[in-house]
Structure formats: C-alpha cells, structure tokens
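Pasting target19.txt here (compact mmCIF, N, CA and C atoms):
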# COMPACT_ATOMS: atom_id res chain seq x y z
N MET D 1 189.16 79.65 70.48
CA MET D 1 188.68 80.76 69.67
C MET D 1 189.86 81.38 68.94
N ARG D 2 189.60 81.87 67.82
CA ARG D 2 190.63 82.57 67.06
C ARG D 2 190.27 84.04 67.03
N GLN D 3 191.18 84.88 67.50
CA GLN D 3 190.93 86.31 67.61
C GLN D 3 191.84 87.06 66.65
N GLU D 4 191.28 88.05 65.96
CA GLU D 4 192.08 88.88 65.07
C GLU D 4 191.49 90.28 65.03
N THR D 5 192.27 91.21 64.52
CA THR D 5 191.82 92.59 64.38
C THR D 5 191.66 92.89 62.89
N VAL D 6 190.50 93.42 62.53
CA VAL D 6 190.19 93.77 61.14
C VAL D 6 189.76 95.23 61.12
N ASN D 7 190.58 96.08 60.51
CA ASN D 7 190.27 97.51 60.41
C ASN D 7 189.89 98.12 61.76
N GLY D 8 190.62 97.76 62.80
CA GLY D 8 190.39 98.32 64.13
C GLY D 8 189.31 97.61 64.93
N CYS D 9 188.65 96.60 64.35
CA CYS D 9 187.60 95.85 65.04
C CYS D 9 188.14 94.48 65.44
N THR D 10 187.76 94.01 66.62
CA THR D 10 188.19 92.69 67.07
C THR D 10 187.17 91.66 66.64
N VAL D 11 187.66 90.58 66.03
CA VAL D 11 186.82 89.50 65.54
C VAL D 11 187.25 88.22 66.26
N ILE D 12 186.30 87.52 66.84
CA ILE D 12 186.58 86.24 67.49
C ILE D 12 185.76 85.18 66.76
N ARG D 13 186.45 84.28 66.10
CA ARG D 13 185.77 83.23 65.32
C ARG D 13 185.40 82.06 66.21
N ALA D 14 184.33 81.37 65.85
CA ALA D 14 183.86 80.21 66.59
C ALA D 14 184.94 79.13 66.62
N SER D 15 184.98 78.42 67.73
CA SER D 15 185.96 77.37 67.93
C SER D 15 185.43 76.41 68.98
N GLU D 16 186.03 75.24 69.04
CA GLU D 16 185.67 74.26 70.06
C GLU D 16 186.75 74.18 71.14
N GLN D 17 187.66 75.15 71.19
CA GLN D 17 188.72 75.15 72.19
C GLN D 17 188.14 75.22 73.60
N ALA D 18 188.80 74.52 74.52
CA ALA D 18 188.31 74.47 75.90
C ALA D 18 188.49 75.80 76.63
N ASP D 19 189.59 76.50 76.39
CA ASP D 19 189.85 77.75 77.09
C ASP D 19 189.13 78.91 76.40
N PRO D 20 188.40 79.74 77.16
CA PRO D 20 187.71 80.87 76.54
C PRO D 20 188.68 81.94 76.04
N THR D 21 188.25 82.67 75.04
CA THR D 21 189.01 83.81 74.54
C THR D 21 188.58 85.04 75.31
N ARG D 22 189.54 85.83 75.72
CA ARG D 22 189.27 87.03 76.54
C ARG D 22 189.43 88.28 75.68
N LEU D 23 188.47 89.15 75.81
CA LEU D 23 188.50 90.45 75.14
C LEU D 23 188.34 91.53 76.20
N GLY D 24 189.27 92.46 76.25
CA GLY D 24 189.18 93.54 77.22
C GLY D 24 190.11 93.30 78.38
N PRO D 25 190.28 94.25 79.24
CA PRO D 25 189.60 95.53 79.26
C PRO D 25 190.22 96.59 78.34
N ALA D 26 191.43 96.35 77.83
CA ALA D 26 192.09 97.38 77.02
C ALA D 26 191.27 97.76 75.80
N GLU D 27 190.68 96.78 75.13
CA GLU D 27 189.91 97.04 73.91
C GLU D 27 188.64 97.84 74.17
N SER D 28 188.14 97.81 75.41
CA SER D 28 186.90 98.51 75.76
C SER D 28 187.14 99.72 76.67
N GLU D 29 188.39 100.12 76.78
CA GLU D 29 188.77 101.23 77.66
C GLU D 29 188.27 101.02 79.09
N GLY D 30 188.32 99.76 79.53
CA GLY D 30 187.95 99.42 80.90
C GLY D 30 186.47 99.21 81.14
N ALA D 31 185.64 99.35 80.13
CA ALA D 31 184.20 99.24 80.32
C ALA D 31 183.77 97.82 80.68
N TYR D 32 184.37 96.83 80.04
CA TYR D 32 183.98 95.44 80.30
C TYR D 32 185.08 94.49 79.85
N VAL D 33 184.94 93.24 80.28
CA VAL D 33 185.73 92.12 79.79
C VAL D 33 184.71 91.11 79.25
N ALA D 34 184.99 90.54 78.09
CA ALA D 34 184.15 89.49 77.52
C ALA D 34 184.95 88.20 77.47
N LEU D 35 184.33 87.12 77.93
CA LEU D 35 184.91 85.79 77.81
C LEU D 35 184.03 85.01 76.84
N VAL D 36 184.59 84.58 75.73
CA VAL D 36 183.85 83.87 74.69
C VAL D 36 184.35 82.44 74.69
N GLY D 37 183.43 81.48 74.84
CA GLY D 37 183.91 80.12 74.91
C GLY D 37 182.86 79.04 74.79
N VAL D 38 183.37 77.83 74.94
CA VAL D 38 182.56 76.62 74.88
C VAL D 38 182.69 75.95 76.24
N PHE D 39 181.56 75.57 76.80
CA PHE D 39 181.53 74.96 78.11
C PHE D 39 180.92 73.56 77.95
N PRO D 40 181.73 72.50 78.13
CA PRO D 40 181.27 71.14 77.84
C PRO D 40 180.24 70.63 78.83
N PRO D 41 179.40 69.69 78.38
CA PRO D 41 178.43 69.08 79.30
C PRO D 41 179.15 68.21 80.32
N GLY D 42 178.51 68.05 81.47
CA GLY D 42 179.04 67.14 82.48
C GLY D 42 180.06 67.74 83.42
N GLU D 43 180.52 68.95 83.17
CA GLU D 43 181.47 69.58 84.07
C GLU D 43 180.72 70.41 85.11
N PRO D 44 181.06 70.26 86.38
CA PRO D 44 180.37 71.06 87.39
C PRO D 44 180.75 72.53 87.28
N GLY D 45 179.84 73.37 87.70
CA GLY D 45 180.13 74.80 87.74
C GLY D 45 180.92 75.13 88.99
N PRO D 46 181.32 76.38 89.13
CA PRO D 46 182.03 76.77 90.35
C PRO D 46 181.07 76.73 91.54
N PRO D 47 181.59 76.62 92.75
CA PRO D 47 180.72 76.68 93.93
C PRO D 47 179.99 78.03 93.96
N PRO D 48 178.84 78.11 94.63
CA PRO D 48 178.14 79.39 94.73
C PRO D 48 179.08 80.47 95.26
N HIS D 49 178.95 81.66 94.68
CA HIS D 49 179.87 82.75 95.01
C HIS D 49 179.23 84.09 94.68
N THR D 50 179.91 85.15 95.08
CA THR D 50 179.50 86.51 94.73
C THR D 50 180.71 87.25 94.16
N HIS D 51 180.43 88.41 93.56
CA HIS D 51 181.47 89.33 93.11
C HIS D 51 181.14 90.69 93.71
N PRO D 52 181.96 91.21 94.63
CA PRO D 52 181.61 92.45 95.32
C PRO D 52 181.74 93.72 94.48
N THR D 53 182.53 93.68 93.41
CA THR D 53 182.79 94.92 92.67
C THR D 53 182.48 94.84 91.18
N THR D 54 181.97 93.70 90.70
CA THR D 54 181.68 93.55 89.27
C THR D 54 180.33 92.87 89.07
N ASP D 55 179.69 93.22 87.95
CA ASP D 55 178.47 92.56 87.50
C ASP D 55 178.85 91.55 86.43
N GLU D 56 177.99 90.54 86.21
CA GLU D 56 178.20 89.57 85.14
C GLU D 56 176.93 89.43 84.33
N ALA D 57 177.10 89.24 83.04
CA ALA D 57 175.97 88.91 82.16
C ALA D 57 176.39 87.69 81.36
N PHE D 58 175.50 86.71 81.29
CA PHE D 58 175.76 85.45 80.58
C PHE D 58 174.82 85.37 79.39
N TYR D 59 175.37 85.23 78.19
CA TYR D 59 174.56 85.02 76.99
C TYR D 59 174.82 83.61 76.47
N LEU D 60 173.75 82.84 76.28
CA LEU D 60 173.86 81.48 75.76
C LEU D 60 173.54 81.50 74.27
N ALA D 61 174.55 81.32 73.44
CA ALA D 61 174.34 81.28 72.00
C ALA D 61 173.77 79.92 71.58
N SER D 62 174.20 78.87 72.28
CA SER D 62 173.64 77.53 72.03
C SER D 62 173.82 76.69 73.27
N GLY D 63 172.97 75.69 73.41
CA GLY D 63 173.06 74.78 74.55
C GLY D 63 172.09 75.14 75.65
N GLU D 64 172.28 74.49 76.80
CA GLU D 64 171.39 74.66 77.95
C GLU D 64 172.24 74.75 79.21
N ALA D 65 171.94 75.73 80.05
CA ALA D 65 172.68 75.91 81.30
C ALA D 65 171.69 76.16 82.43
N THR D 66 172.06 75.70 83.61
CA THR D 66 171.25 75.95 84.80
C THR D 66 171.99 76.95 85.67
N PHE D 67 171.26 77.96 86.11
CA PHE D 67 171.79 79.01 86.97
C PHE D 67 171.19 78.88 88.35
N LEU D 68 172.01 79.00 89.37
CA LEU D 68 171.54 79.17 90.73
C LEU D 68 171.67 80.65 91.02
N LEU D 69 170.55 81.32 91.24
CA LEU D 69 170.51 82.76 91.52
C LEU D 69 169.88 82.93 92.90
N GLY D 70 170.73 83.14 93.89
CA GLY D 70 170.23 83.16 95.27
C GLY D 70 169.78 81.77 95.65
N ASP D 71 168.49 81.61 95.94
CA ASP D 71 167.96 80.30 96.32
C ASP D 71 167.13 79.66 95.22
N ARG D 72 167.21 80.19 94.01
CA ARG D 72 166.36 79.70 92.91
C ARG D 72 167.20 79.20 91.75
N GLU D 73 166.83 78.00 91.23
CA GLU D 73 167.47 77.45 90.04
C GLU D 73 166.61 77.71 88.82
N LEU D 74 167.26 78.15 87.74
CA LEU D 74 166.58 78.40 86.47
C LEU D 74 167.35 77.72 85.36
N THR D 75 166.68 76.94 84.53
CA THR D 75 167.32 76.34 83.36
C THR D 75 167.04 77.24 82.16
N MET D 76 168.11 77.64 81.49
CA MET D 76 168.01 78.57 80.36
C MET D 76 168.51 77.89 79.10
N LYS D 77 167.90 78.26 77.97
CA LYS D 77 168.27 77.67 76.68
C LYS D 77 168.89 78.72 75.77
N SER D 78 169.35 78.29 74.60
CA SER D 78 170.02 79.19 73.66
C SER D 78 169.17 80.42 73.39
N GLY D 79 169.86 81.54 73.26
CA GLY D 79 169.20 82.83 73.04
C GLY D 79 168.90 83.57 74.33
N SER D 80 169.16 82.95 75.48
CA SER D 80 168.86 83.57 76.78
C SER D 80 170.01 84.43 77.26
N LEU D 81 169.67 85.42 78.07
CA LEU D 81 170.63 86.29 78.75
C LEU D 81 170.28 86.33 80.22
N VAL D 82 171.28 86.17 81.07
CA VAL D 82 171.10 86.28 82.52
C VAL D 82 172.07 87.34 83.02
N PHE D 83 171.54 88.39 83.66
CA PHE D 83 172.36 89.44 84.25
C PHE D 83 172.41 89.23 85.75
N VAL D 84 173.61 89.18 86.32
CA VAL D 84 173.81 88.97 87.75
C VAL D 84 174.50 90.21 88.31
N PRO D 85 173.76 91.03 89.07
CA PRO D 85 174.39 92.22 89.68
C PRO D 85 175.40 91.81 90.75
N ARG D 86 176.36 92.70 90.97
CA ARG D 86 177.36 92.43 92.01
C ARG D 86 176.67 92.16 93.34
N GLY D 87 177.27 91.24 94.10
CA GLY D 87 176.75 90.90 95.42
C GLY D 87 175.72 89.79 95.45
N VAL D 88 175.21 89.34 94.31
CA VAL D 88 174.20 88.28 94.28
C VAL D 88 174.89 86.91 94.25
N VAL D 89 174.48 86.01 95.15
CA VAL D 89 175.02 84.66 95.17
C VAL D 89 174.54 83.92 93.92
N HIS D 90 175.50 83.29 93.23
CA HIS D 90 175.14 82.60 91.99
C HIS D 90 176.18 81.55 91.62
N THR D 91 175.79 80.69 90.71
CA THR D 91 176.69 79.80 89.99
C THR D 91 175.95 79.35 88.74
N VAL D 92 176.67 78.70 87.84
CA VAL D 92 176.08 78.22 86.60
C VAL D 92 176.81 76.97 86.15
N TRP D 93 176.08 76.06 85.50
CA TRP D 93 176.70 74.86 84.95
C TRP D 93 175.95 74.43 83.70
N ASN D 94 176.65 73.72 82.84
CA ASN D 94 176.04 73.17 81.64
C ASN D 94 175.19 71.98 82.06
N SER D 95 173.88 72.10 81.96
CA SER D 95 172.97 71.06 82.39
C SER D 95 172.40 70.26 81.23
N GLY D 96 172.87 70.53 80.03
CA GLY D 96 172.38 69.82 78.86
C GLY D 96 173.33 68.72 78.43
N SER D 97 173.01 68.12 77.30
CA SER D 97 173.84 67.04 76.77
C SER D 97 174.79 67.53 75.67
N ASP D 98 174.68 68.79 75.29
CA ASP D 98 175.53 69.38 74.26
C ASP D 98 176.39 70.49 74.86
N PRO D 99 177.47 70.85 74.19
CA PRO D 99 178.27 71.99 74.68
C PRO D 99 177.44 73.27 74.68
N VAL D 100 177.77 74.16 75.61
CA VAL D 100 177.19 75.51 75.64
C VAL D 100 178.20 76.44 74.98
N HIS D 101 177.76 77.17 73.97
CA HIS D 101 178.57 78.23 73.38
C HIS D 101 178.00 79.53 73.95
N GLY D 102 178.87 80.38 74.49
CA GLY D 102 178.34 81.58 75.09
C GLY D 102 179.36 82.65 75.33
N VAL D 103 178.86 83.74 75.90
CA VAL D 103 179.66 84.90 76.23
C VAL D 103 179.35 85.30 77.66
N ILE D 104 180.39 85.57 78.43
CA ILE D 104 180.24 86.14 79.77
C ILE D 104 180.81 87.55 79.71
N LEU D 105 179.99 88.54 80.06
CA LEU D 105 180.45 89.93 80.13
C LEU D 105 180.65 90.30 81.60
N ILE D 106 181.78 90.89 81.90
CA ILE D 106 182.11 91.32 83.25
C ILE D 106 182.29 92.83 83.20
N SER D 107 181.57 93.54 84.08
CA SER D 107 181.62 95.00 84.05
C SER D 107 181.66 95.55 85.48
N PRO D 108 182.41 96.60 85.72
CA PRO D 108 183.36 97.22 84.81
C PRO D 108 184.59 96.34 84.62
N GLY D 109 185.20 96.45 83.47
CA GLY D 109 186.32 95.61 83.12
C GLY D 109 187.64 96.04 83.73
N ASP D 110 187.69 97.26 84.27
CA ASP D 110 188.94 97.73 84.84
C ASP D 110 189.04 97.49 86.35
N ARG D 111 188.09 96.73 86.89
CA ARG D 111 188.16 96.35 88.30
C ARG D 111 188.57 94.89 88.41
N GLU D 112 189.18 94.54 89.52
CA GLU D 112 189.52 93.14 89.75
C GLU D 112 188.22 92.34 89.93
N HIS D 113 188.13 91.23 89.20
CA HIS D 113 186.94 90.37 89.25
C HIS D 113 187.11 89.38 90.40
N VAL D 114 186.76 89.83 91.60
CA VAL D 114 186.96 89.05 92.82
C VAL D 114 185.85 88.03 92.96
N VAL D 115 186.21 86.79 93.27
CA VAL D 115 185.26 85.71 93.52
C VAL D 115 185.27 85.43 95.02
N VAL D 116 184.10 85.61 95.66
CA VAL D 116 183.97 85.37 97.09
C VAL D 116 183.07 84.16 97.29
N PRO D 117 183.64 83.00 97.67
CA PRO D 117 182.82 81.80 97.89
C PRO D 117 181.84 82.02 99.04
N VAL D 118 180.70 81.35 98.97
CA VAL D 118 179.72 81.39 100.07
C VAL D 118 179.46 79.97 100.52
N GLU D 119 179.10 79.83 101.77
CA GLU D 119 178.85 78.50 102.34
C GLU D 119 177.65 77.82 101.70
N SER D 120 176.56 78.56 101.54
CA SER D 120 175.36 78.00 100.90
C SER D 120 174.55 79.14 100.33
N ALA D 121 173.73 78.81 99.32
CA ALA D 121 172.95 79.86 98.66
C ALA D 121 171.76 80.21 99.44

Output the file's structure in the form of structure tokens.
Amino acid sequence: MRQETVNGCTVIRASEQADPTRLGPAESEGAYVALVGVFPPGEPGPPPHTHPTTDEAFYLASGEATFLLGDRELTMKSGSLVFVPRGVVHTVWNSGSDPVHGVILISPGDREHVVVPVESA
C-alpha cells in the first residue's frame, strides 16, 4: 500500500503488496488501528485465538474469507463486515480463489493487541 498525507488527511492507495499498511494509533489519537492489505488465497489463517483487551472488525472489500467465530464457521463475501468483540475465540482465512482486499480495525488502538492462542474453538 502506498500511504500519504493530503491536507492533513491520510490516504492509502490500493496495492498488491503482501505486507499490510498500518494506520494509527497516533493518527486516531488512540481510538483505533487500521490494517489495510491484501491476503492471498491458499494461506492458512492464524490458529484460533482471543484478544483480551481489544475488539476487531474485518471489512472485506473484495474476495471471500471464512471466519471461525466460537464454534461456528461463516463464509463471507465482498462488502461484508464482521465485528469480533474482545474475548471471543476466532480466526479467519482466505477461502476463495482470489486475493482478499480488506481492512482490519483494532479498537482501542492505544492498547496492546494481545493474541492469546486457544487449544480448540
């Protein structure tokens, strides 16, 4: 992603770079962190986990991803939003044949985003 500032506003242009672009927490005064990126097909997601002090929201701009939320799997398509409150066991992976373009919002952004692995969902 290519990030720039225009008249005090942060602009992140579309890109196919593997590493996501990070926005925040400084730009949002600690309210949130945004990760903007491309997630390729065929890569496994992280093991099921929780976050004790932060919430996550996943927006899929394009592509298809499968979420494990507790004991339930949901396949979501472009235009979908999934909000995961702190403490909920979850994981996500690109389950389609195309890259997923999306945004992950982490809130609050001024807290450490702790990942606590779980044995099983």

Take atom CA of D:Val36 and atom C of D:Val116 and report the distance between them in Å, one decimal.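 Atom C of D:Val116 lies 22.6 Å from atom CA of D:Val36.
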
Surrounding residues of D:Phe58 excluding itself and chain neighbours under 6 positions, 6.5 Å, all atoms listed in the file, as a PyMOL selection string: chain D and resi 80-84+103-105

Between D:Gly87, D:Pro99, D:Pro52, D:Gly109, single out the one closest to D:Gly30, counting only C-alpha atoms. D:Gly109

Members of chain D assigned strand (DSSP E or B) by DSSP, as a PyMOL selection string: chain D and resi 2-6+9-13+21-23+33-39+49-50+55-62+64-69+72-77+81-84+90-94+100-107+116-117

Please measure the separation of atom CA of D:Pro48 and atom CA of D:Val33, giving the value in Å to one decimal.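 Interatomic distance here is 21.0 Å.
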
Env of D:Pro85: 6 Å cut, atoms = all atoms listed in the file, seq-sep filter 4 positions within chain, self excluded. Answer as a ChimeraX atom specification. /D:54-56

Between atom CA of D:Gly42 and atom CA of D:Ser95, distance in Å (one decimal):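 Separation of atom CA of D:Gly42 and atom CA of D:Ser95: 7.2 Å.
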
When you count all atoms listed in the file, which of these residues is closest to D:His51: D:Thr10, D:Ala26, D:Ala18, D:Val89? D:Val89

Minimum-distance residue to D:Pro40, chosen among D:His90, D:Leu68, D:Glu27, D:Ser62 (using only C-alpha atoms):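 Answer, going by the shortest atom-to-atom distance: D:Ser62.
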
With only C-alpha atoms as the counted atoms, please give the residues lying no more than 12 Å from stretch 19-21 of chain D, apart from itself and same-chain residues fewer than 2 positions off, as a PyMOL selection string. chain D and resi 1-4+10-17+23-24+33-40+100-105
